[in-house]
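A.B. asks: I'd like to ask some things about the structure below.
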Amino acid sequence: MYKTTHGAITKKINNKYICYVNHNAGFFSNCTSCLVNLIESIEHFKDTDIELNTTNTFRLYKNKQKNKDICSEYFKNVNNSKKVDIIFEKGIKVESGMALLPYKTLLFDKFIPYIKKYFSVSDQVKNIINMMEKKYNIDYDNTCCVFFRGLDKFVETGIPGYDIFCNKAKEVTKNDKNIKFLLQSDETEFFDYAKNLFENNLIFNEEIRHMKHSKTLLENSLNKNENFKYSLYFLAIVVIMSRCKYVICNTSNISLWIAFYRENTNNLHQYLRQIPKFHNICDNPLYDSSVKQVWY
């Protein structure tokens with residue numbers, strides 16, 4: 001049995017290694033935790049066929065009908081024919097704080113095999129993606145995704161003003177005449193601001209939830225019985241955002257997974273401003289007051 005530095009337990013049962021992850025936060029925070037614990041377990045056991053058990057994860061998204069391990073609702077069962085590299089090497093960042101790093105510094109060629117093996121979306125999610133592509137007539141080659149993660153995220157990273165964020169989208173797309181702006185956020189006020197700025201906009205009105213600015217996680221504040229349904233939609237939306245010609249995003253686990261599903265950071269513009277303390281309590285080891293760059 002092995003306990004990872006992030007609290008997962010990996011043990012051998014019937015000649016199979018199984019990684020039991022115990023993490024209960026937002027959907028893509030859970031995904032990052034699963035990814036990091038899998039990579040560490042694979043490095044420890046030198047075995048690339050470790051299975052993932054998330055019975056004690058994704059708890060925010062469970063209900064009376066879906067109350068066990070719901071990972072297979074989101075992702076395909078592990079294909080053990082897919083091999084992954086053991087990627088704990090000097091200079092490679094593999095940690096739960098990856099979401100707060102500049103994504104262009106991550107070695108995507110090392111991470112993507114893990115994403116494909118463990119986090120390829122289920123047929124159920126693929127069907128949602130196909131439905132939404134047709135319903136909204138999405139033309140990826142002429143779409144700029146503008147994704148603003150607000151609400152409680154300020155406790156981990158600096159949040160840009162709406163004007164700064166939207167001006168970046170304008171700057172990036174200034175030479176594109178027919179570009180459509182896919183607007184996505186958890187804050188109602190962002191939609192009110194951005195849809196007036198970008199007349200040619202696209203909003204998934206029926207597949208998303210958002211709320212007025214507050215200091216909380218959306219899933220803790222709205223109808224919890226609907227968290228599962230909307231988590232399926234949102235996973236599909238993250239894949240859709242990853243396929244757009246341009247992506248404007250601020251720093252979050254969601255944005256990290258947009259980059260993972262995109263498989264690169266080409267035309268992805270990340271707003272990142274480190275803050276001195278997490279939750280105004282713990283020192284941020286990544287903070288460097290001399291770093292003034294904001295867009296990566």
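All residue names refer to the structure tokens as shown: chains lettered A, B, ... in order, residues numbered from 1 in each chain, ligands numbered from 1 in order.
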Could you name the residues that touch A:Tyr20 at 9 Å or less, counting only C-alpha atoms, but leaving out those on the same chain fewer than 2 positions away, as a PyMOL selection string?
C.D. replies: chain A and resi 8-11+18+22+34+37+51-57
A.B. asks: For the residues in the current selection, export all heavy atoms as a short mmCIF file (atom, residue, chain, number, x, y, z; two decimals), in the first residue's frame.
C.D. replies:
data_model
loop_
_atom_site.label_atom_id
_atom_site.label_comp_id
_atom_site.auth_asym_id
_atom_site.auth_seq_id
_atom_site.Cartn_x
_atom_site.Cartn_y
_atom_site.Cartn_z
N ALA A 8 -4.06 10.23 -1.53
CA ALA A 8 -4.67 9.05 -2.13
C ALA A 8 -4.00 7.79 -1.59
O ALA A 8 -2.84 7.81 -1.16
CB ALA A 8 -4.57 9.09 -3.65
N ILE A 9 -4.72 6.69 -1.63
CA ILE A 9 -4.19 5.39 -1.23
C ILE A 9 -4.19 4.48 -2.45
O ILE A 9 -5.22 4.28 -3.09
CB ILE A 9 -5.03 4.73 -0.12
CG1 ILE A 9 -5.08 5.62 1.12
CG2 ILE A 9 -4.50 3.35 0.22
CD1 ILE A 9 -3.75 5.80 1.82
N THR A 10 -3.02 3.94 -2.77
CA THR A 10 -2.91 3.00 -3.89
C THR A 10 -2.47 1.65 -3.36
O THR A 10 -1.48 1.55 -2.63
CB THR A 10 -1.91 3.51 -4.95
OG1 THR A 10 -2.33 4.80 -5.41
CG2 THR A 10 -1.85 2.56 -6.13
N LYS A 11 -3.24 0.63 -3.69
CA LYS A 11 -2.90 -0.71 -3.20
C LYS A 11 -3.19 -1.76 -4.26
O LYS A 11 -3.96 -1.52 -5.20
CB LYS A 11 -3.65 -1.03 -1.91
CG LYS A 11 -5.14 -0.76 -1.92
CD LYS A 11 -5.70 -0.91 -0.51
CE LYS A 11 -7.18 -0.53 -0.46
NZ LYS A 11 -7.73 -0.62 0.91
N ILE A 18 -4.87 -0.24 -7.63
CA ILE A 18 -6.01 0.67 -7.68
C ILE A 18 -5.69 1.90 -6.83
O ILE A 18 -5.25 1.78 -5.69
CB ILE A 18 -7.30 0.01 -7.16
CG1 ILE A 18 -7.61 -1.24 -7.98
CG2 ILE A 18 -8.47 0.99 -7.21
CD1 ILE A 18 -8.82 -2.02 -7.48
N ASN A 22 -9.33 10.60 -2.56
CA ASN A 22 -10.27 11.16 -1.60
C ASN A 22 -10.16 12.68 -1.67
O ASN A 22 -9.35 13.30 -0.99
CB ASN A 22 -9.96 10.67 -0.19
CG ASN A 22 -10.98 11.15 0.83
OD1 ASN A 22 -12.06 11.61 0.47
ND2 ASN A 22 -10.64 11.06 2.11
N CYS A 34 -7.06 13.74 -9.16
CA CYS A 34 -6.97 12.38 -9.69
C CYS A 34 -5.74 12.22 -10.57
O CYS A 34 -4.99 11.23 -10.46
CB CYS A 34 -8.22 12.04 -10.48
SG CYS A 34 -9.71 11.82 -9.48
N ASN A 37 -2.45 12.27 -8.43
CA ASN A 37 -2.29 11.06 -7.62
C ASN A 37 -2.00 9.84 -8.49
O ASN A 37 -1.22 8.96 -8.09
CB ASN A 37 -3.55 10.82 -6.79
CG ASN A 37 -3.62 11.72 -5.57
OD1 ASN A 37 -2.77 11.65 -4.68
ND2 ASN A 37 -4.61 12.58 -5.52
N GLU A 51 -5.45 1.49 -11.92
CA GLU A 51 -6.83 1.91 -12.10
C GLU A 51 -7.18 3.03 -11.13
O GLU A 51 -6.55 3.20 -10.09
CB GLU A 51 -7.78 0.72 -11.88
CG GLU A 51 -7.65 -0.37 -12.94
CD GLU A 51 -8.66 -1.48 -12.75
OE1 GLU A 51 -9.53 -1.34 -11.86
OE2 GLU A 51 -8.57 -2.48 -13.47
N LEU A 52 -8.20 3.78 -11.48
CA LEU A 52 -8.63 4.92 -10.68
C LEU A 52 -9.97 4.61 -10.01
O LEU A 52 -10.90 4.16 -10.67
CB LEU A 52 -8.77 6.15 -11.57
CG LEU A 52 -9.28 7.44 -10.94
CD1 LEU A 52 -8.31 7.96 -9.89
CD2 LEU A 52 -9.52 8.50 -12.02
N ASN A 53 -10.05 4.83 -8.69
CA ASN A 53 -11.30 4.66 -7.97
C ASN A 53 -11.68 6.00 -7.35
O ASN A 53 -10.93 6.57 -6.57
CB ASN A 53 -11.17 3.59 -6.89
CG ASN A 53 -12.49 3.33 -6.17
OD1 ASN A 53 -13.02 4.18 -5.48
ND2 ASN A 53 -13.01 2.11 -6.33
N THR A 54 -12.86 6.54 -7.73
CA THR A 54 -13.27 7.85 -7.23
C THR A 54 -14.55 7.78 -6.40
O THR A 54 -15.33 8.71 -6.37
CB THR A 54 -13.48 8.82 -8.42
OG1 THR A 54 -14.53 8.32 -9.25
CG2 THR A 54 -12.21 9.00 -9.23
N THR A 55 -14.72 6.67 -5.70
CA THR A 55 -15.91 6.52 -4.85
C THR A 55 -16.03 7.67 -3.86
O THR A 55 -17.14 8.13 -3.55
CB THR A 55 -15.87 5.17 -4.10
OG1 THR A 55 -15.81 4.10 -5.06
CG2 THR A 55 -17.11 5.00 -3.24
N ASN A 56 -14.90 8.13 -3.34
CA ASN A 56 -14.90 9.23 -2.36
C ASN A 56 -14.57 10.57 -2.99
O ASN A 56 -14.14 11.50 -2.30
CB ASN A 56 -13.90 8.91 -1.24
CG ASN A 56 -14.34 7.73 -0.41
OD1 ASN A 56 -15.53 7.59 -0.11
ND2 ASN A 56 -13.41 6.86 -0.05
N THR A 57 -14.78 10.67 -4.28
CA THR A 57 -14.52 11.91 -5.02
C THR A 57 -15.79 12.30 -5.78
O THR A 57 -16.72 11.51 -5.86
CB THR A 57 -13.34 11.71 -5.99
OG1 THR A 57 -12.27 11.07 -5.28
CG2 THR A 57 -12.82 13.03 -6.54
#
A.B. asks: Per DSSP on the backbone, what are the strand (DSSP E or B) residues of stretch 9-222 of chain A, as a ChimeraX atom specification?
C.D. replies: /A:9-13,16-20,51-53,75,121,143-148,180-185,187,201-202,211
A.B. asks: Which one of A:Asn196, A:Gln184, A:Ser29, A:Thr5 sits closest to A:Asp163 if you count only C-alpha atoms?
C.D. replies: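 Looking at the shortest contact to A:Asp163, the residue is A:Asn196.
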A.B. asks: Mind giving me the straight-line distance from atom CA of A:Val238 to atom CA of A:Leu197 in Å, one decimal?
C.D. replies: 22.8 Å
A.B. asks: How many Å lie between atom CA of A:Asn225 and atom CA of A:Glu133, rounded to one decimal?
C.D. replies: 26.2 Å
A.B. asks: Can you list, as a list of chain:residue names, every protein, DNA or RNA residue that comes within 12 Å of A:Ser290 when you count only C-alpha atoms, leaving out same-chain residues fewer than 3 positions away?
C.D. replies: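 Close residues of A:Ser290: A:Arg273, A:Gln274, A:Pro276, A:Leu286, A:Tyr287, A:Gln293, A:Val294.
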A.B. asks: So what do you get for atom CA of A:His269 versus atom CA of A:Asp186, distance-wise?
C.D. replies: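 A separation of 18.9 Å between them.
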A.B. asks: Would you list the contacts of A:Cys244 as a list in words, taking every protein, DNA or RNA residue within 12 Å and counting only C-alpha atoms, but skipping same-chain residues closer than 6 positions in sequence?
C.D. replies: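 Neighbouring residues, sequence-local ones excluded: Glu133, Ile138, Asp139, Tyr140, Asp141, Asn142, Thr143, Cys144, Cys145, Val146, Phe147, Ile179, Lys180, Phe181, Leu182, Leu183, Ile237, Val238, Ile258, Ala259, Tyr261, Arg262, Thr265, Asn266, Asn267 and Leu268 of chain A.
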A.B. asks: Those same residues, written as an mmCIF file, in the first residue's frame with N, CA, C and O atoms?
C.D. replies:
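Final file, selection-v2.cif:
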data_model
loop_
_atom_site.group_PDB
_atom_site.id
_atom_site.type_symbol
_atom_site.label_atom_id
_atom_site.label_comp_id
_atom_site.auth_asym_id
_atom_site.auth_seq_id
_atom_site.Cartn_x
_atom_site.Cartn_y
_atom_site.Cartn_z
ATOM 1 N N GLU A 133 -23.152 21.151 -30.482
ATOM 2 C CA GLU A 133 -22.550 21.643 -31.726
ATOM 3 C C GLU A 133 -23.626 21.908 -32.780
ATOM 4 O O GLU A 133 -23.569 22.921 -33.491
ATOM 5 N N ILE A 138 -22.060 25.537 -34.029
ATOM 6 C CA ILE A 138 -20.721 26.002 -33.642
ATOM 7 C C ILE A 138 -19.726 25.802 -34.782
ATOM 8 O O ILE A 138 -19.580 24.699 -35.309
ATOM 9 N N ASP A 139 -19.077 26.873 -35.151
ATOM 10 C CA ASP A 139 -18.003 26.849 -36.145
ATOM 11 C C ASP A 139 -16.703 27.161 -35.397
ATOM 12 O O ASP A 139 -16.376 28.310 -35.144
ATOM 13 N N TYR A 140 -15.979 26.125 -35.020
ATOM 14 C CA TYR A 140 -14.802 26.310 -34.173
ATOM 15 C C TYR A 140 -13.765 27.233 -34.803
ATOM 16 O O TYR A 140 -13.100 28.006 -34.097
ATOM 17 N N ASP A 141 -13.616 27.166 -36.119
ATOM 18 C CA ASP A 141 -12.588 27.964 -36.796
ATOM 19 C C ASP A 141 -12.892 29.456 -36.767
ATOM 20 O O ASP A 141 -12.021 30.275 -37.063
ATOM 21 N N ASN A 142 -14.123 29.789 -36.391
ATOM 22 C CA ASN A 142 -14.498 31.206 -36.325
ATOM 23 C C ASN A 142 -15.105 31.562 -34.963
ATOM 24 O O ASN A 142 -15.997 32.402 -34.870
ATOM 25 N N THR A 143 -14.582 30.913 -33.911
ATOM 26 C CA THR A 143 -15.107 31.150 -32.567
ATOM 27 C C THR A 143 -13.973 31.458 -31.596
ATOM 28 O O THR A 143 -12.958 30.756 -31.578
ATOM 29 N N CYS A 144 -14.183 32.500 -30.824
ATOM 30 C CA CYS A 144 -13.261 32.852 -29.738
ATOM 31 C C CYS A 144 -13.966 32.575 -28.426
ATOM 32 O O CYS A 144 -15.008 33.163 -28.124
ATOM 33 N N CYS A 145 -13.423 31.682 -27.634
ATOM 34 C CA CYS A 145 -13.975 31.383 -26.315
ATOM 35 C C CYS A 145 -13.476 32.421 -25.317
ATOM 36 O O CYS A 145 -12.277 32.667 -25.205
ATOM 37 N N VAL A 146 -14.403 33.040 -24.599
ATOM 38 C CA VAL A 146 -14.052 34.015 -23.559
ATOM 39 C C VAL A 146 -14.586 33.446 -22.241
ATOM 40 O O VAL A 146 -15.778 33.566 -21.933
ATOM 41 N N PHE A 147 -13.710 32.794 -21.491
ATOM 42 C CA PHE A 147 -14.117 32.095 -20.273
ATOM 43 C C PHE A 147 -13.597 32.821 -19.036
ATOM 44 O O PHE A 147 -12.397 32.906 -18.809
ATOM 45 N N ILE A 179 -15.626 36.619 -36.580
ATOM 46 C CA ILE A 179 -15.465 35.849 -35.352
ATOM 47 C C ILE A 179 -16.711 35.935 -34.472
ATOM 48 O O ILE A 179 -17.354 36.984 -34.378
ATOM 49 N N LYS A 180 -17.062 34.820 -33.875
ATOM 50 C CA LYS A 180 -18.163 34.779 -32.905
ATOM 51 C C LYS A 180 -17.548 34.543 -31.527
ATOM 52 O O LYS A 180 -16.564 33.803 -31.391
ATOM 53 N N PHE A 181 -18.127 35.153 -30.502
ATOM 54 C CA PHE A 181 -17.570 35.067 -29.156
ATOM 55 C C PHE A 181 -18.425 34.147 -28.294
ATOM 56 O O PHE A 181 -19.594 34.453 -28.004
ATOM 57 N N LEU A 182 -17.835 33.014 -27.916
ATOM 58 C CA LEU A 182 -18.484 32.093 -26.996
ATOM 59 C C LEU A 182 -18.229 32.588 -25.576
ATOM 60 O O LEU A 182 -17.098 32.566 -25.090
ATOM 61 N N LEU A 183 -19.266 33.070 -24.919
ATOM 62 C CA LEU A 183 -19.137 33.640 -23.574
ATOM 63 C C LEU A 183 -19.503 32.583 -22.539
ATOM 64 O O LEU A 183 -20.557 31.955 -22.622
ATOM 65 N N ILE A 237 -18.966 21.250 -22.234
ATOM 66 C CA ILE A 237 -18.658 22.640 -22.594
ATOM 67 C C ILE A 237 -17.162 22.899 -22.532
ATOM 68 O O ILE A 237 -16.614 23.629 -23.369
ATOM 69 N N VAL A 238 -16.466 22.310 -21.570
ATOM 70 C CA VAL A 238 -15.014 22.486 -21.484
ATOM 71 C C VAL A 238 -14.338 21.918 -22.729
ATOM 72 O O VAL A 238 -13.407 22.521 -23.283
ATOM 73 N N ILE A 258 -9.118 22.945 -19.996
ATOM 74 C CA ILE A 258 -9.313 23.424 -21.369
ATOM 75 C C ILE A 258 -8.014 23.213 -22.139
ATOM 76 O O ILE A 258 -8.012 22.724 -23.276
ATOM 77 N N ALA A 259 -6.894 23.574 -21.507
ATOM 78 C CA ALA A 259 -5.586 23.408 -22.150
ATOM 79 C C ALA A 259 -5.270 21.928 -22.370
ATOM 80 O O ALA A 259 -4.748 21.545 -23.431
ATOM 81 N N TYR A 261 -7.391 19.395 -22.797
ATOM 82 C CA TYR A 261 -8.194 18.854 -23.892
ATOM 83 C C TYR A 261 -7.809 19.498 -25.229
ATOM 84 O O TYR A 261 -7.988 18.881 -26.288
ATOM 85 N N ARG A 262 -7.274 20.689 -25.172
ATOM 86 C CA ARG A 262 -6.772 21.342 -26.385
ATOM 87 C C ARG A 262 -5.461 20.703 -26.833
ATOM 88 O O ARG A 262 -5.103 20.739 -28.001
ATOM 89 N N THR A 265 -1.157 25.095 -25.929
ATOM 90 C CA THR A 265 -1.587 26.450 -25.557
ATOM 91 C C THR A 265 -1.541 27.395 -26.755
ATOM 92 O O THR A 265 -1.467 28.613 -26.591
ATOM 93 N N ASN A 266 -1.601 26.847 -27.956
ATOM 94 C CA ASN A 266 -1.629 27.681 -29.150
ATOM 95 C C ASN A 266 -2.908 28.523 -29.153
ATOM 96 O O ASN A 266 -4.009 27.990 -29.002
ATOM 97 N N ASN A 267 -2.760 29.836 -29.308
ATOM 98 C CA ASN A 267 -3.900 30.761 -29.323
ATOM 99 C C ASN A 267 -4.703 30.731 -28.021
ATOM 100 O O ASN A 267 -5.862 31.149 -27.997
ATOM 101 N N LEU A 268 -4.104 30.219 -26.955
ATOM 102 C CA LEU A 268 -4.738 30.256 -25.631
ATOM 103 C C LEU A 268 -4.053 31.340 -24.818
ATOM 104 O O LEU A 268 -2.827 31.324 -24.657
#
A.B. asks: List as a count of residues only the protein and nucleic acid residues near A:Ser255, meaning an atom at most 10 Å away when only C-alpha atoms are counted, but skip any in the same chain fewer than 2 places from it.
C.D. replies: 24
A.B. asks: I need the residue nearest A:Cys31 from this list: A:Asn201, A:Leu256, A:Lys135, A:Ala169. Use only C-alpha atoms for the distance.
C.D. replies: A:Leu256
A.B. asks: Using only C-alpha atoms, find the one residue out of A:Ile275, A:Leu151, A:Val172, A:Ile129 that sits nearest to A:Lys212.
C.D. replies: A:Leu151
A.B. asks: Using DSSP on the backbone coordinates, identify the residues of stretch 95-287 of chain A assigned to alpha helix (DSSP H); present them as an MDAnalysis selection string.
C.D. replies: chainID A and resid 108:118 123:135 162:172 188:197 218:221 227:242 253:262
A.B. asks: Can you list, as number ranges by chain, every protein, DNA or RNA residue that comes within 10 Å of A:Leu217 when you count only C-alpha atoms, leaving out same-chain residues fewer than 5 positions away?
C.D. replies: A: 25-26, 150-153, 186, 211, 222
A.B. asks: Can you write just those residues out, C-alpha atoms, as an mmCIF file, in the first residue's frame?
C.D. replies:
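Generated output (out36.cif):
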data_model
loop_
_atom_site.group_PDB
_atom_site.id
_atom_site.type_symbol
_atom_site.label_atom_id
_atom_site.label_comp_id
_atom_site.auth_asym_id
_atom_site.auth_seq_id
_atom_site.Cartn_x
_atom_site.Cartn_y
_atom_site.Cartn_z
ATOM 1 C CA ALA A 25 -14.063 20.077 -4.348
ATOM 2 C CA GLY A 26 -15.098 21.552 -7.693
ATOM 3 C CA GLY A 150 -15.095 34.291 -10.898
ATOM 4 C CA LEU A 151 -16.933 33.748 -7.591
ATOM 5 C CA ASP A 152 -14.603 32.114 -5.008
ATOM 6 C CA LYS A 153 -11.518 31.854 -7.267
ATOM 7 C CA ASP A 186 -20.101 31.397 -13.408
ATOM 8 C CA MET A 211 -25.142 33.415 -10.208
ATOM 9 C CA LEU A 222 -27.642 26.382 -6.337
#
A.B. asks: Which is closer to A:Asn67 than all the others in A:Phe228, A:Gln124, A:Val239, A:Asn137, using only C-alpha atoms?
C.D. replies: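 Closest to A:Asn67 of all the choices is A:Phe228.
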A.B. asks: Nearest to A:Cys166: which of A:Asn178, A:Asp49, A:Lys126, A:Tyr271 is it, counting only C-alpha atoms?
C.D. replies: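 When distances to A:Cys166 are compared using only C-alpha atoms, the smallest one comes from A:Tyr271.
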A.B. asks: Calculated over only C-alpha atoms, which of the candidates A:Val84, A:Leu107, A:Ile128, A:Ile115 has the smallest distance to A:Lys46?
C.D. replies: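 Residue with the minimum atom-to-atom distance to A:Lys46: A:Val84.
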